[in-house]
Amino acid sequence: MQDTPPSVPDFTQWPSFPFEGDLHVKQLDEPVPVEPPRRGEGHRECTACNAPDEAYIWVGERWRVRAMDRPTGLPMVLILESRSHLDLGDLPNLLAAELGVMTVRLERAIRSLDGVARVHVNRWGDGSAHLHMWFLARPYGRLQLRGTFLSLWDSILPPISEAQWRENLAMVAAWLAEFGGRPLAEPPRIQWQAPSSLTAQSAGEVAEEPEEETASVIEAADEIPEVEAADASATEDPAKASTPEEPEEPEKAEEPRQTQTPR
């Protein structure tokens, strides 16, 4: 009698796995005969090639480093890109050798930040044909974040403060500039004047927080194929339609009483 295979893989029992409870493995889709072109392939425009230097925290003659558009859950998430429109396997020997140097240099720069224990280096490339390497900093002492699932934890953890994030970006950019290139990230400005009303400011900040969505590695456009992005957008409307916002209708029953009061 054959053994029944487990419903979920063993790594769901690892301490670093970020989820718990009942989990189910998705049904595997049938393979497509021809994969769709990535960004920068065929007639599709390349986001990295069209991005100006001002969108990066450090730029050099052949390499550029950019960050997420806002703080995430990890101390630092950076992306190393080549200026030339090349993928990893297309690099000539000069750029291939420089990629090793830049990888070590950027890893050291991120690891020099306070509160960083390790730096994970990843390359996926399913969304964009332009070479980009991910650098994810694991917080010191957070042993549960070790290993494979660090990019998932980046979306789960609360984002760090923007002031700390900008300071870290400026420090990494300055660190890289010691070896050449231009640092474009600046530290946060010091607020010398206190607001007139601390209570009013704090209330305004609390009201604005829910409007922003946390950026993350797994939500980055460079890593999401267009087919998956379309499927995700298609599934959003039914979810929104199912949200229980309709029970507000009973309040309309009070309107007749309002019309009777002015007598």
# chains A, B, ... in the order shown; residues from 1 in each chain; ligands from 1
call {"tool": "closest_atom_pairs", "arguments": {"of": "region 12-79 of chain A", "to": "region 169-172 of chain A", "cutoff": "10 Å", "atoms": "only C-alpha atoms", "output": "JSON lines"}}
result
{"residue": "A:Ile57", "atom": "CA", "partner": "A:Leu169", "partner_atom": "CA", "distance": 6.9}
{"residue": "A:Trp58", "atom": "CA", "partner": "A:Val172", "partner_atom": "CA", "distance": 8.6}
{"residue": "A:Val65", "atom": "CA", "partner": "A:Val172", "partner_atom": "CA", "distance": 9.8}
{"residue": "A:Arg66", "atom": "CA", "partner": "A:Leu169", "partner_atom": "CA", "distance": 9.4}
{"residue": "A:Ala67", "atom": "CA", "partner": "A:Leu169", "partner_atom": "CA", "distance": 8.0}
{"residue": "A:Pro75", "atom": "CA", "partner": "A:Leu169", "partner_atom": "CA", "distance": 9.9}
{"residue": "A:Met76", "atom": "CA", "partner": "A:Leu169", "partner_atom": "CA", "distance": 7.9}
{"residue": "A:Val77", "atom": "CA", "partner": "A:Leu169", "partner_atom": "CA", "distance": 9.5}
{"residue": "A:Leu78", "atom": "CA", "partner": "A:Leu169", "partner_atom": "CA", "distance": 9.0}
call {"tool": "write_last_selection", "arguments": {"atoms": "N, CA, C and O atoms", "output": "compact mmCIF listing (two decimals), in the first residue's frame"}}
result
# COMPACT_ATOMS: atom_id res chain seq x y z
N ILE A 57 19.66 55.61 -5.87
CA ILE A 57 20.37 56.18 -4.73
C ILE A 57 21.86 56.32 -5.01
O ILE A 57 22.55 57.09 -4.34
N TRP A 58 22.37 55.57 -5.98
CA TRP A 58 23.78 55.66 -6.39
C TRP A 58 23.87 55.25 -7.84
O TRP A 58 23.20 54.31 -8.29
N VAL A 65 22.11 51.61 -8.46
CA VAL A 65 21.48 50.98 -7.29
C VAL A 65 20.22 51.78 -6.96
O VAL A 65 20.29 53.00 -6.80
N ARG A 66 19.12 51.10 -6.86
CA ARG A 66 17.86 51.77 -6.52
C ARG A 66 17.22 51.09 -5.31
O ARG A 66 17.56 49.96 -4.96
N ALA A 67 16.28 51.81 -4.72
CA ALA A 67 15.57 51.32 -3.54
C ALA A 67 14.09 51.22 -3.86
O ALA A 67 13.63 51.61 -4.94
N PRO A 75 15.27 46.26 7.31
CA PRO A 75 16.07 47.49 7.45
C PRO A 75 16.49 48.08 6.11
O PRO A 75 16.63 49.30 6.00
N MET A 76 16.69 47.23 5.11
CA MET A 76 17.12 47.73 3.81
C MET A 76 16.80 46.70 2.73
O MET A 76 17.05 45.51 2.90
N VAL A 77 16.25 47.19 1.62
CA VAL A 77 16.03 46.38 0.41
C VAL A 77 16.51 47.22 -0.76
O VAL A 77 15.99 48.31 -1.02
N LEU A 78 17.53 46.74 -1.48
CA LEU A 78 18.11 47.47 -2.59
C LEU A 78 18.22 46.57 -3.81
O LEU A 78 18.22 45.34 -3.70
call {"tool": "select_by_dssp", "arguments": {"residues": "region 21-81 of chain A", "states": "strand (DSSP E or B)", "output": "ChimeraX atom specification"}}
result
/A:39,58-59,63-67,77-81
call {"tool": "atom_distance", "arguments": {"atom1": "CA of Phe135 (chain A)", "atom2": "CA of Ser84 (chain A)"}}
result
19.8 Å
call {"tool": "atom_distance", "arguments": {"atom1": "CA of Ala177 (chain A)", "atom2": "CA of Arg70 (chain A)"}}
result
22.3 Å
call {"tool": "select_by_dssp", "arguments": {"residues": "region 115-192 of chain A", "states": "alpha helix (DSSP H)", "output": "JSON, numbers by chain"}}
result
{"A": [150, 151, 152, 153, 154, 155, 156, 162, 163, 164, 165, 166, 167, 168, 169, 170, 171, 172, 173, 174, 175, 176, 177]}
call {"tool": "atom_distance", "arguments": {"atom1": "CA of Ala185 (chain A)", "atom2": "CA of Trp165 (chain A)"}}
result
10.7 Å
call {"tool": "closest_residue", "arguments": {"among": "A:Gly115, A:Gly60, A:Pro187, A:Gly181", "to": "Ala137 (chain A)", "atoms": "only C-alpha atoms"}}
result
A:Gly115
call {"tool": "closest_residue", "arguments": {"among": "A:His130, A:His24, A:Arg138, A:Arg64", "to": "Gly89 (chain A)", "atoms": "only C-alpha atoms"}}
result
A:His130
